[in-house]
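A quick write-up on the structure given underneath.
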Amino acid sequence: MEEKTTTVGTTMPTTYDPKEAEQKWYDYWLKGEYFKAGQRKDAKPYTIVIPPPNVTGMLHIGHALDCTLQDIMIRTKRMQGYDALWLPGSDHAGIATQTRVEQKLREEGVTRYDLGREKFLEKVWEWKEHYADAIHAQWAKMGFSLDYSRERFTLDEGLSKAVREVFVRQYEKGLIYRGNYIINWDPAARTALSDIEVEYKEVQGALYHLKYPVKDSNEFIVVATTRPETMLGDTAVAVHPEDERYKHLIGKTLVLPIIGREIPIIGDEYVEKEFGSGAVKITPAHDPNDFEVGKRHDLPQVLVMDESGTMNANAGKYQGMDRFVCRKQIVADMQESGVLIKIEEHVHQVGHSERSGAVVEPYLSTQWFVKMKPLAERAVEAQKSGNGVNFVPERFERTYLHWMENVRDWCISRQLWWGHRIPAWYCSDCGETTVSREDATACSHCGGTHLRQDEDVLDTWFSSALWPFSTLGWPEETEDLKRFYPTSLLVTGYDIIPFWVSRMIFSGLEFTDQIPFKDTLIHGLVRDSEGRKMSKSLGNGVDPFDVIEKYGADAMRFMLSTGSTPGQDLRFRWEKVEQARNFANKIWNASRFALMNLGDFKASDIDLNGQLGTADRWILHRLNETVRDVTRLIDSYEFGETGRLLYNFIWDDLCDWYIEFSKLSLYGTDEAAKKTTKSVLAYVLDRTQRLIHPFMPFISEEIWQHLPHDGETITLASWPVYDSAFEAPEAVREMELLMDIIRNVRNIRAEVNVPMSKKIELLVKPSGEDVEAILKRNEDYVQRFCNTSLLEIGTNVASPDKAMTGIVTGAELFLPLAGLIDISQEVARLEKELQTLHGEVERIEKKLANAGFVAKAPAKVIEEEKAKLADYADKRDKVIARIAELKG
């Protein structure tokens with residue numbers, strides 16, 4: 001490949017333009033197919049399947065966080081030489097999408113029933129295509145390195161095949177069955193819901209105490225209910241068999257108020273004698289606990305409302321009323337007839353549909369279910385035996401296990417049109433059910449051809465549970481499945497561990513005999529600056545496009561990815577995005593300065609074996625440490641700490657110190673020193689762009705393309721690795737001394753308002769000959785950055801009477817600023833510094849006197865604390881001596 005040369009002075013703009021760079025480089029990456037996996041046949045695979053966004057609308061800032069974390073990992077692994085696959089896709093999101101489309105149709109004065117199933121589905125597919133395109137545009141804007149050649153959709157042909165295969169297999173094993181059960185019913189969406197699609201909210205309601213008379217008697221039983229409208233479906237009243245108050249009534253008959261139907265009094269241990277009146281009304285068709293009681297006592301199941309929450313014919317005179325209207329009317333009627341004894345205010349948890357917001361109705365219905373116990377037991381056993389998924393943070397494993405160990409059978413049928421239609425056909429000839437992988441044309445029991453397919457579709461999560469392997473071609477033994485499964489990492493929010501993470505794990509074990517991913521990184525929610533959840537009602541949501549438009553994608557990515565720790569919520573603050581943008585500008589400006597001085601420097605010109613100066617060896621040492629620590633932290637998913645390290649290295653070490661130090665040789669006449677500095681600058685900038693690339697892909701590519709290199713794109717550039725040859729602890733010691741001196745002198749100048757442009761005299765008294773040698777070797781740096789007219793370095797330097805004083809590790813500084821200082825003010829300043837040093841000495845002395853600390857701390861830590869104590873004590877003694885001199 002032809003070597004790249006650089007003429008930066010004319011080609012690198014003064015300021016970085018995110019809009020121009022982002023579009024240019026994303027198009028370049030796609031054209032080069034740099035995101036496409038499978039091209040490194042000998043490389044180790046690394047796989048992430050994207051949590052598929054719902055095609056209900058645009059991506060929000062939470063999606064931006066979730067996908068940025070995935071992109072950081074996939075870009076890092078790609079640069080580390082892995083065959084890295086990040087597989088994109090989207091979810092049909094049954095209830096959510098159908099609800100949105102139906103809402104749109106209602107605005108046009110049309111219902112799905114007006115259109116019919118086929119025409120309605122055409123409308124939903126149009127909706128899907130629109131939002132899938134929008135999601136693609138957002139992915140591109142945010143710089144996500146997805147392999148679009150492998151993109152999937154939960155309703156595409158391959159995934160539909162996988163869904164049918166799973167349904168048939170589980171049906172044949174007896175894990176899928178059809179039955180009448182109390183399920184969660186959404187009257188607004190007119191569909192069943194699984195337990196975890198129900199949100200419980202605290203509601204101020206009422207507890208109604210009702211009097212049920214015993215037939216042919218003056219006795220009555222008092223029951224209490226929060227839903228008086230369901231009494232119309234009561235088929236018994238239960239009491240505890242050992243309750244002395246009611247034992248004589250068991251087997252007798254009550255007359256159901258208002259309706260007049262006769263119902264039995266039954267004995268069942270489900271009833272708590274001590275709770276309330278000790279008597280419970282039993283409504284098997286409208287309460288899950290009552291349903292179980294009803295099965296034990298063979299009670300009839302009387303439904304009193306229809307799918308829309310409207311009272312039906314079994315409700316008698318209340319037929320046609322909405323359930324809540326009926327409640328008011330029946331309460332009024334009971335008050336009038338004397339049945340209602342009292343009404344108490346009652347705060348209780350009421351289930352609401354996660355999608356429509358409607359109050360959920362426990363409802364007797366014929367539905368399809370997955371028998372969860374055997375599936376859950378296998379998953380729990382795998383986790384507890386150490387063969388399960390690694391949760392990050394580890395505490396979320398408890399959330400997962402709690403759900404698995406307490407799971408109920410999963411209601412998987414939904415009364416919708418949008419989704420995977422249940423592959424079951426009912427035969428009108430023999431009444432049997434045929435379940436088939438292909439569309440059935442004949443009954444598997446009698447051979448009859450009068451078949452009707454089940455109208456319902458499967459729960460969205462049924463297909464999403466198969467996502468890690470169905471997207472790779474299962475049930476076929478595809479090359480992708482063999483190479484990229486199990487996947488390496490799942491990134492998702494803690495709010496869908498039960499919905500999705502748990503289901504993927506038990507599905508992976510059931511159908512592939514493997515866990516579907518090795519690690520699952522759980523992140524928190526993105527909240528507003530006040531810590532509130534983002535919502536339409538509060539109007540506090542943030543559109544990623546708005547953030548990118550204002551500050552660029554890199555700034556948004558850096559703020560999101562480094563702004564929180566695993567498992568914790570993140571507060572979105574615009575000022576934090578601005579800080580990230582300023583960081584990007586700092587990188588740009590520093591790179592631009594350096595590149596302007598590189599001229600036509602080529603990659604082959606880089607030579608790090610020359611006579612490296614103190615600053616050169618120091619920055620290479622610090623880069624090496626940063627490479628080691630950043631690599632370790634990314635592998636631990638500690639992105640916040642990674643960001644802090646990168647920020648400190650780039651802003652402080654590289655920009656504020658090394659680049660400033662480099663000017664001495666770059667502007668000097670020593671050509672060998674100049675070439676060495678150019679080599680170090682080019683090398684460090686190159687490695688710095690590689691380290692920041694997974695977080696800020698666009699600006700790093702833009703800068704890297706101006707650097708001397710021999711590659712096509714930074715996305716395929718090799719990841720920097722730790723090299724012990726760059727270790728230079730002596731250079732670190734020297735630089736720390738020089739930086740301490742320069743900082744001290746600048747602080748003293750600021751205190752007495754002596755500008756940096758004004759030359760000063762500086763006397764430096766080293767603590768020993770070794771320090772003196774370091775300072776003599778680097779006196780050019782001290783002269784330049786302290787701007788001295790006179791610099792005297794020596795162990796025999798005498799302290800002037802009227803001078804400002806600085807104490808650093810290994811040296812005393814004297815600035816004879818005659819006429820510019822007030823002795824009393826200088827004494828006051830030194831006394832303040834002495835107080836600080838006293839505090840540090842006392843703090844470390846107490847720590848070292850703590851037997852518990854000394855016993856537990858590693859020997860290295862104890863030695864470091866002892867070294868700090870000696871240093872602070874030495875500084876303190878010198879300040880005491882200087883105060884005495886000035887006062888004397």
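Within each chain, counting starts at residue 1; across the structure tokens, chains are named A, B, ... in the order shown, with ligands numbered 1 upward in that order.
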- Do you know which residues are at most 8 Å from segment 267-283 of chain A counting only C-alpha atoms, after dropping those on the same chain fewer than 6 positions away, and could you put them as a count of residues only? 23
- Message: List as a PyMOL selection string the protein and nucleic acid residues near segment 718-723 of chain A, meaning an atom at most 7 Å away when only C-alpha atoms are counted, but skip any in the same chain fewer than 6 places from it.
- Response: chain A and resi 79-81+624+627-628+687+690
Same residues, all heavy atoms, output as a CSV table (one decimal), in the first residue's frame:
chain,number,residue,atom,x,y,z
A,79,MET,N,-10.6,-3.8,16.4
A,79,MET,CA,-9.2,-3.3,16.3
A,79,MET,C,-8.2,-4.3,17.0
A,79,MET,O,-7.0,-4.3,16.7
A,79,MET,CB,-9.1,-2.0,17.0
A,79,MET,CG,-9.9,-0.9,16.3
A,79,MET,SD,-10.0,0.7,17.2
A,79,MET,CE,-8.3,1.3,16.9
A,80,GLN,N,-8.7,-5.1,17.9
A,80,GLN,CA,-7.9,-6.1,18.6
A,80,GLN,C,-7.7,-7.4,17.7
A,80,GLN,O,-7.1,-8.3,18.2
A,80,GLN,CB,-8.5,-6.5,20.0
A,80,GLN,CG,-8.3,-5.3,21.0
A,80,GLN,CD,-8.9,-5.7,22.3
A,80,GLN,OE1,-9.8,-6.5,22.4
A,80,GLN,NE2,-8.5,-5.0,23.4
A,81,GLY,N,-8.3,-7.3,16.5
A,81,GLY,CA,-8.1,-8.4,15.6
A,81,GLY,C,-9.1,-9.5,15.6
A,81,GLY,O,-9.0,-10.5,14.9
A,624,ASN,N,1.8,4.3,27.6
A,624,ASN,CA,1.9,2.9,27.8
A,624,ASN,C,1.0,2.5,29.0
A,624,ASN,O,0.3,1.5,28.9
A,624,ASN,CB,3.3,2.5,28.1
A,624,ASN,CG,3.6,1.1,27.8
A,624,ASN,OD1,3.1,0.5,26.9
A,624,ASN,ND2,4.5,0.4,28.6
A,627,VAL,N,-2.6,2.8,27.8
A,627,VAL,CA,-3.0,1.7,27.0
A,627,VAL,C,-3.4,0.5,27.8
A,627,VAL,O,-4.4,-0.1,27.7
A,627,VAL,CB,-1.9,1.3,26.0
A,627,VAL,CG1,-2.1,0.0,25.4
A,627,VAL,CG2,-1.7,2.4,24.9
A,628,ARG,N,-2.5,0.2,28.8
A,628,ARG,CA,-2.7,-0.9,29.7
A,628,ARG,C,-4.0,-0.8,30.5
A,628,ARG,O,-4.9,-1.7,30.5
A,628,ARG,CB,-1.6,-1.1,30.7
A,628,ARG,CG,-1.7,-2.2,31.7
A,628,ARG,CD,-0.7,-2.0,32.8
A,628,ARG,NE,-1.0,-0.7,33.6
A,628,ARG,CZ,0.0,-0.1,34.3
A,628,ARG,NH1,1.2,-0.5,34.4
A,628,ARG,NH2,-0.4,1.1,34.9
A,687,ARG,N,-1.5,6.6,18.4
A,687,ARG,CA,-2.1,5.7,19.5
A,687,ARG,C,-3.2,6.3,20.2
A,687,ARG,O,-4.2,5.6,20.6
A,687,ARG,CB,-0.9,5.2,20.4
A,687,ARG,CG,-0.2,4.0,20.1
A,687,ARG,CD,0.2,3.9,18.6
A,687,ARG,NE,0.8,2.6,18.3
A,687,ARG,CZ,1.3,2.4,17.1
A,687,ARG,NH1,1.2,3.3,16.1
A,687,ARG,NH2,1.8,1.2,16.8
A,690,ARG,N,-6.4,6.0,18.3
A,690,ARG,CA,-6.9,4.6,18.3
A,690,ARG,C,-7.6,4.3,19.6
A,690,ARG,O,-8.6,3.6,19.6
A,690,ARG,CB,-5.7,3.6,18.1
A,690,ARG,CG,-5.0,3.7,16.8
A,690,ARG,CD,-3.9,2.7,16.6
A,690,ARG,NE,-3.0,3.0,15.5
A,690,ARG,CZ,-2.4,2.1,14.8
A,690,ARG,NH1,-2.6,0.9,15.0
A,690,ARG,NH2,-1.5,2.6,13.8
- Message: Just the number, please: distance in Å from atom CA of Glu826 of chain A to atom CA of Ser767 of chain A, one decimal.
- Response: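 For atom CA of Glu826 of chain A relative to atom CA of Ser767 of chain A, the distance reads 22.4 Å.
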- Message: Neighbouring residues of Val380 of chain A were defined as those with any atom within 8 Å, considering only C-alpha atoms; residues of the same chain fewer than 3 positions away were excluded. Please report them as a VMD selection string.
- Response: chain A and resid 376 to 377 383 to 384 401 404 to 405
Okay, now the selection with all heavy atoms, as a JSON list (two decimals), in the first residue's frame?
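Below is the file that was written, part.json:
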[["chain", "number", "residue", "atom", "x", "y", "z"],
["A", 376, "ALA", "N", -37.38, -23.19, 33.38],
["A", 376, "ALA", "CA", -36.76, -22.34, 34.40],
["A", 376, "ALA", "C", -35.78, -23.14, 35.26],
["A", 376, "ALA", "O", -34.70, -22.66, 35.60],
["A", 376, "ALA", "CB", -37.83, -21.71, 35.27],
["A", 377, "GLU", "N", -36.15, -24.36, 35.61],
["A", 377, "GLU", "CA", -35.28, -25.19, 36.47],
["A", 377, "GLU", "C", -33.93, -25.43, 35.81],
["A", 377, "GLU", "O", -32.89, -25.38, 36.47],
["A", 377, "GLU", "CB", -35.97, -26.52, 36.78],
["A", 377, "GLU", "CG", -37.06, -26.41, 37.82],
["A", 377, "GLU", "CD", -37.80, -27.72, 38.05],
["A", 377, "GLU", "OE1", -37.64, -28.65, 37.21],
["A", 377, "GLU", "OE2", -38.53, -27.82, 39.06],
["A", 383, "GLN", "N", -27.09, -21.65, 36.06],
["A", 383, "GLN", "CA", -26.54, -20.45, 36.70],
["A", 383, "GLN", "C", -25.85, -20.81, 38.02],
["A", 383, "GLN", "O", -24.75, -20.33, 38.31],
["A", 383, "GLN", "CB", -27.66, -19.44, 36.94],
["A", 383, "GLN", "CG", -27.19, -18.03, 37.19],
["A", 383, "GLN", "CD", -26.57, -17.39, 35.96],
["A", 383, "GLN", "OE1", -26.89, -17.76, 34.82],
["A", 383, "GLN", "NE2", -25.65, -16.47, 36.16],
["A", 384, "LYS", "N", -26.50, -21.64, 38.80],
["A", 384, "LYS", "CA", -25.96, -21.96, 40.13],
["A", 384, "LYS", "C", -24.77, -22.91, 40.07],
["A", 384, "LYS", "O", -23.97, -22.97, 41.00],
["A", 384, "LYS", "CB", -27.07, -22.53, 41.01],
["A", 384, "LYS", "CG", -28.12, -21.49, 41.39],
["A", 384, "LYS", "CD", -29.11, -22.01, 42.40],
["A", 384, "LYS", "CE", -30.05, -20.89, 42.87],
["A", 384, "LYS", "NZ", -31.03, -21.37, 43.86],
["A", 401, "LEU", "N", -32.48, -14.61, 38.90],
["A", 401, "LEU", "CA", -32.82, -15.85, 39.59],
["A", 401, "LEU", "C", -34.16, -15.75, 40.31],
["A", 401, "LEU", "O", -34.93, -16.71, 40.34],
["A", 401, "LEU", "CB", -31.72, -16.22, 40.58],
["A", 401, "LEU", "CG", -30.43, -16.77, 39.95],
["A", 401, "LEU", "CD1", -29.36, -16.96, 41.01],
["A", 401, "LEU", "CD2", -30.69, -18.08, 39.21],
["A", 404, "MET", "N", -36.81, -16.32, 37.74],
["A", 404, "MET", "CA", -36.81, -17.71, 37.28],
["A", 404, "MET", "C", -37.39, -18.65, 38.34],
["A", 404, "MET", "O", -38.10, -19.60, 38.02],
["A", 404, "MET", "CB", -35.38, -18.15, 36.94],
["A", 404, "MET", "CG", -34.91, -17.66, 35.58],
["A", 404, "MET", "SD", -35.81, -18.42, 34.21],
["A", 404, "MET", "CE", -34.71, -18.10, 32.87],
["A", 405, "GLU", "N", -37.06, -18.41, 39.59],
["A", 405, "GLU", "CA", -37.48, -19.32, 40.66],
["A", 405, "GLU", "C", -38.94, -19.11, 41.07],
["A", 405, "GLU", "O", -39.50, -19.94, 41.79],
["A", 405, "GLU", "CB", -36.57, -19.14, 41.87],
["A", 405, "GLU", "CG", -35.16, -19.67, 41.61],
["A", 405, "GLU", "CD", -34.16, -19.27, 42.68],
["A", 405, "GLU", "OE1", -34.42, -18.31, 43.43],
["A", 405, "GLU", "OE2", -33.10, -19.91, 42.75]]
- Interatomic distance between atom CA of Ile748 of chain A and atom CA of Asp801 of chain A?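 Going from atom CA of Ile748 of chain A over to atom CA of Asp801 of chain A covers 16.4 Å.
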- Query: Can you list, as a PyMOL selection string, every residue of segment 550-738 of chain A that DSSP puts in alpha helix (DSSP H)?
  - Reply: chain A and resi 550-551+553-562+574-598+614-635+639-647+659-666+671-692+697-704+729-738
Could you write out the selected residues, including C-alpha atoms, as a tab-separated table (two decimals), in the first residue's frame?
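Below you can see selection.tsv, which holds the result:
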chain	number	residue	atom	x	y	z
A	550	LYS	CA	-25.89	20.92	18.42
A	551	TYR	CA	-22.70	19.20	19.56
A	553	ALA	CA	-22.22	12.55	17.59
A	554	ASP	CA	-18.83	12.11	19.25
A	555	ALA	CA	-19.66	14.50	22.07
A	556	MET	CA	-22.98	12.74	22.72
A	557	ARG	CA	-21.35	9.30	22.64
A	558	PHE	CA	-18.54	10.31	24.99
A	559	MET	CA	-20.92	11.91	27.49
A	560	LEU	CA	-23.32	8.94	27.51
A	561	SER	CA	-20.72	6.19	27.67
A	562	THR	CA	-18.47	7.74	30.29
A	574	TRP	CA	-26.47	19.49	28.40
A	575	GLU	CA	-23.41	21.02	30.08
A	576	LYS	CA	-21.83	17.55	30.18
A	577	VAL	CA	-22.33	17.20	26.42
A	578	GLU	CA	-20.75	20.64	26.00
A	579	GLN	CA	-17.75	19.52	28.07
A	580	ALA	CA	-17.40	16.47	25.83
A	581	ARG	CA	-17.55	18.75	22.77
A	582	ASN	CA	-14.82	20.93	24.31
A	583	PHE	CA	-12.75	17.80	24.85
A	584	ALA	CA	-13.15	16.92	21.16
A	585	ASN	CA	-12.05	20.44	20.23
A	586	LYS	CA	-9.01	20.12	22.53
A	587	ILE	CA	-8.01	16.90	20.74
A	588	TRP	CA	-8.50	18.61	17.38
A	589	ASN	CA	-6.49	21.72	18.22
A	590	ALA	CA	-3.62	19.77	19.76
A	591	SER	CA	-3.51	17.41	16.78
A	592	ARG	CA	-3.64	20.29	14.35
A	593	PHE	CA	-0.69	22.05	16.04
A	594	ALA	CA	1.35	18.87	16.05
A	595	LEU	CA	0.53	17.99	12.47
A	596	MET	CA	1.41	21.47	11.25
A	597	ASN	CA	4.89	20.82	12.60
A	598	LEU	CA	5.20	17.35	11.08
A	614	THR	CA	12.96	13.38	29.57
A	615	ALA	CA	9.61	14.62	28.24
A	616	ASP	CA	9.73	12.09	25.36
A	617	ARG	CA	10.35	9.13	27.65
A	618	TRP	CA	7.73	10.41	30.10
A	619	ILE	CA	4.90	10.76	27.53
A	620	LEU	CA	5.68	7.32	26.09
A	621	HIS	CA	5.58	5.90	29.62
A	622	ARG	CA	2.25	7.61	30.33
A	623	LEU	CA	0.81	6.46	26.98
A	624	ASN	CA	1.90	2.91	27.80
A	625	GLU	CA	0.19	3.06	31.20
A	626	THR	CA	-2.94	4.47	29.59
A	627	VAL	CA	-3.01	1.70	26.96
A	628	ARG	CA	-2.73	-0.94	29.70
A	629	ASP	CA	-5.38	0.60	31.95
A	630	VAL	CA	-7.85	1.53	29.20
A	631	THR	CA	-7.69	-2.00	27.76
A	632	ARG	CA	-8.30	-3.53	31.19
A	633	LEU	CA	-11.17	-1.16	31.98
A	634	ILE	CA	-12.93	-1.66	28.64
A	635	ASP	CA	-12.75	-5.42	29.14
A	639	PHE	CA	-16.50	3.00	30.62
A	640	GLY	CA	-16.79	5.87	33.08
A	641	GLU	CA	-13.33	5.20	34.49
A	642	THR	CA	-12.00	4.66	30.96
A	643	GLY	CA	-13.27	8.09	29.96
A	644	ARG	CA	-11.62	9.71	32.98
A	645	LEU	CA	-8.25	8.13	32.13
A	646	LEU	CA	-8.44	9.12	28.47
A	647	TYR	CA	-9.53	12.64	29.35
A	659	ILE	CA	3.00	19.43	23.41
A	660	GLU	CA	4.20	22.54	25.25
A	661	PHE	CA	7.54	20.86	26.03
A	662	SER	CA	7.87	19.70	22.41
A	663	LYS	CA	8.04	23.30	21.20
A	664	LEU	CA	11.60	23.59	22.53
A	665	SER	CA	12.94	21.12	19.99
A	666	LEU	CA	10.37	21.78	17.24
A	671	GLU	CA	17.66	18.57	13.65
A	672	ALA	CA	18.16	15.24	15.44
A	673	ALA	CA	16.16	16.44	18.44
A	674	LYS	CA	13.51	17.80	16.08
A	675	LYS	CA	13.15	14.44	14.32
A	676	THR	CA	12.91	12.63	17.65
A	677	THR	CA	10.15	14.96	18.84
A	678	LYS	CA	8.27	14.56	15.56
A	679	SER	CA	8.55	10.78	15.89
A	680	VAL	CA	7.19	10.82	19.42
A	681	LEU	CA	4.39	13.25	18.52
A	682	ALA	CA	3.34	11.22	15.48
A	683	TYR	CA	3.44	7.93	17.42
A	684	VAL	CA	1.60	9.21	20.48
A	685	LEU	CA	-1.06	10.99	18.44
A	686	ASP	CA	-1.64	7.87	16.36
A	687	ARG	CA	-2.06	5.67	19.45
A	688	THR	CA	-4.20	8.27	21.16
A	689	GLN	CA	-6.64	8.37	18.24
A	690	ARG	CA	-6.87	4.57	18.31
A	691	LEU	CA	-7.67	4.58	22.03
A	692	ILE	CA	-10.35	7.25	21.69
A	697	PRO	CA	-15.19	7.36	15.96
A	698	PHE	CA	-15.66	10.35	13.66
A	699	ILE	CA	-13.10	12.86	14.94
A	700	SER	CA	-10.55	10.11	15.53
A	701	GLU	CA	-10.88	8.94	11.90
A	702	GLU	CA	-10.64	12.52	10.64
A	703	ILE	CA	-7.43	13.20	12.59
A	704	TRP	CA	-5.95	9.77	11.90
A	729	PRO	CA	10.01	5.46	35.98
A	730	GLU	CA	13.07	7.73	36.20
A	731	ALA	CA	11.64	9.98	33.47
A	732	VAL	CA	8.34	10.10	35.40
A	733	ARG	CA	10.22	11.23	38.52
A	734	GLU	CA	12.07	13.90	36.54
A	735	MET	CA	8.91	15.20	34.86
A	736	GLU	CA	6.99	15.30	38.12
A	737	LEU	CA	9.76	17.43	39.61
A	738	LEU	CA	9.79	19.76	36.60
Find the residues around segment 803-820 of chain A up to 7 Å (only C-alpha atoms counted), leave out those fewer than 3 positions away in its own chain, and share them as a PDB file with N, CA and C atoms, in the first residue's frame.
ATOM      1  N   LEU A 737       9.004  16.345  38.971  1.00  0.00           N
ATOM      2  CA  LEU A 737       9.760  17.429  39.608  1.00  0.00           C
ATOM      3  C   LEU A 737       9.660  18.709  38.781  1.00  0.00           C
ATOM      4  N   ASP A 740       6.148  20.127  38.954  1.00  0.00           N
ATOM      5  CA  ASP A 740       5.925  20.724  40.278  1.00  0.00           C
ATOM      6  C   ASP A 740       6.535  22.117  40.360  1.00  0.00           C
ATOM      7  N   ILE A 741       7.764  22.230  39.861  1.00  0.00           N
ATOM      8  CA  ILE A 741       8.446  23.525  39.897  1.00  0.00           C
ATOM      9  C   ILE A 741       7.692  24.544  39.048  1.00  0.00           C
ATOM     10  N   ASN A 744       4.437  25.561  40.692  1.00  0.00           N
ATOM     11  CA  ASN A 744       4.691  26.396  41.863  1.00  0.00           C
ATOM     12  C   ASN A 744       5.029  27.823  41.470  1.00  0.00           C
ATOM     13  N   VAL A 752       1.105  37.239  43.252  1.00  0.00           N
ATOM     14  CA  VAL A 752       1.628  38.618  43.341  1.00  0.00           C
ATOM     15  C   VAL A 752       1.420  39.383  42.038  1.00  0.00           C
ATOM     16  N   GLU A 761      13.698  36.280  38.312  1.00  0.00           N
ATOM     17  CA  GLU A 761      14.838  35.499  38.802  1.00  0.00           C
ATOM     18  C   GLU A 761      14.290  34.299  39.578  1.00  0.00           C
ATOM     19  N   LEU A 762      14.959  33.168  39.403  1.00  0.00           N
ATOM     20  CA  LEU A 762      14.529  31.955  40.104  1.00  0.00           C
ATOM     21  C   LEU A 762      15.755  31.241  40.650  1.00  0.00           C
ATOM     22  N   LEU A 763      15.745  31.017  41.961  1.00  0.00           N
ATOM     23  CA  LEU A 763      16.813  30.263  42.609  1.00  0.00           C
ATOM     24  C   LEU A 763      16.229  28.920  43.063  1.00  0.00           C
ATOM     25  N   VAL A 764      16.894  27.847  42.696  1.00  0.00           N
ATOM     26  CA  VAL A 764      16.419  26.512  43.044  1.00  0.00           C
ATOM     27  C   VAL A 764      17.481  25.806  43.880  1.00  0.00           C
ATOM     28  N   LYS A 765      17.066  25.384  45.078  1.00  0.00           N
ATOM     29  CA  LYS A 765      17.993  24.685  45.975  1.00  0.00           C
ATOM     30  C   LYS A 765      17.579  23.214  46.060  1.00  0.00           C
ATOM     31  N   PRO A 766      18.258  22.323  45.306  1.00  0.00           N
ATOM     32  CA  PRO A 766      17.909  20.898  45.341  1.00  0.00           C
ATOM     33  C   PRO A 766      18.260  20.272  46.689  1.00  0.00           C
ATOM     34  N   SER A 767      17.579  19.192  47.013  1.00  0.00           N
ATOM     35  CA  SER A 767      17.841  18.520  48.291  1.00  0.00           C
ATOM     36  C   SER A 767      19.087  17.654  48.232  1.00  0.00           C
ATOM     37  N   VAL A 771      19.152  15.302  42.559  1.00  0.00           N
ATOM     38  CA  VAL A 771      18.107  16.226  42.091  1.00  0.00           C
ATOM     39  C   VAL A 771      18.747  17.369  41.310  1.00  0.00           C
ATOM     40  N   SER A 799      19.132  31.402  50.586  1.00  0.00           N
ATOM     41  CA  SER A 799      17.774  31.949  50.475  1.00  0.00           C
ATOM     42  C   SER A 799      17.800  33.453  50.706  1.00  0.00           C
ATOM     43  N   PRO A 800      17.301  34.233  49.745  1.00  0.00           N
ATOM     44  CA  PRO A 800      17.290  35.696  49.892  1.00  0.00           C
ATOM     45  C   PRO A 800      16.302  36.117  50.986  1.00  0.00           C
ATOM     46  N   GLU A 826       3.663  37.177  52.834  1.00  0.00           N
ATOM     47  CA  GLU A 826       4.351  35.941  52.488  1.00  0.00           C
ATOM     48  C   GLU A 826       4.377  34.990  53.680  1.00  0.00           C
ATOM     49  N   ASP A 871       7.797  12.692  52.802  1.00  0.00           N
ATOM     50  CA  ASP A 871       7.787  13.845  51.897  1.00  0.00           C
ATOM     51  C   ASP A 871       7.070  15.041  52.525  1.00  0.00           C
ATOM     52  N   LYS A 875       8.686  18.666  53.663  1.00  0.00           N
ATOM     53  CA  LYS A 875       8.148  19.957  53.200  1.00  0.00           C
ATOM     54  C   LYS A 875       7.742  20.828  54.381  1.00  0.00           C
TER      55      LYS A 875
END
- Message: What parts of segment 574-813 of chain A does DSSP call strand (DSSP E or B)? I'd like the answer as a ChimeraX atom specification.
- Response: /A:760-766,788-793,804-808,811-813
- With distances taken over only C-alpha atoms, the candidate from A:Phe144, A:Trp418, A:Trp139, A:Phe369 nearest Leu69 of chain A is A:Phe144
- Message: Need the shell around Lys36 of chain A: protein/DNA/RNA residues with any atom at most 8 Å away, counting only C-alpha atoms. Skip same-chain ones fewer than 6 positions apart. Format as a list in words?
- Response: Leu85, Leu146, Asp147, Tyr148 and Ser149 of chain A
- Message: Quick one: residues within 8 Å of Trp425 of chain A, only C-alpha atoms, excluding same-chain residues fewer than 2 positions away - as a ChimeraX atom specification?
- Response: /A:423,427,433-435,440,443,451-454
- Would you mind listing what lies within 10 Å of segment 183-200 of chain A as a PyMOL selection string, with only C-alpha atoms counted and same-chain residues fewer than 2 positions away left out? chain A and resi 95-96+98-99+102+180-181+202-203+285-288+306-310+348-367+369+407-416+456+459+461+496+498-499
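Distances to Trp125 of chain A were evaluated for A:Ala855, A:Met305, A:Val55, A:Ile176 using only C-alpha atoms, and the minimum falls at A:Val55.
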- Message: So, with only C-alpha atoms as the atoms that count, which of A:Ala137, A:Leu869, A:Val841, A:Cys67 lies closest to Phe545 of chain A?
- Response: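 Of all the options, A:Ala137 lies closest to Phe545 of chain A.
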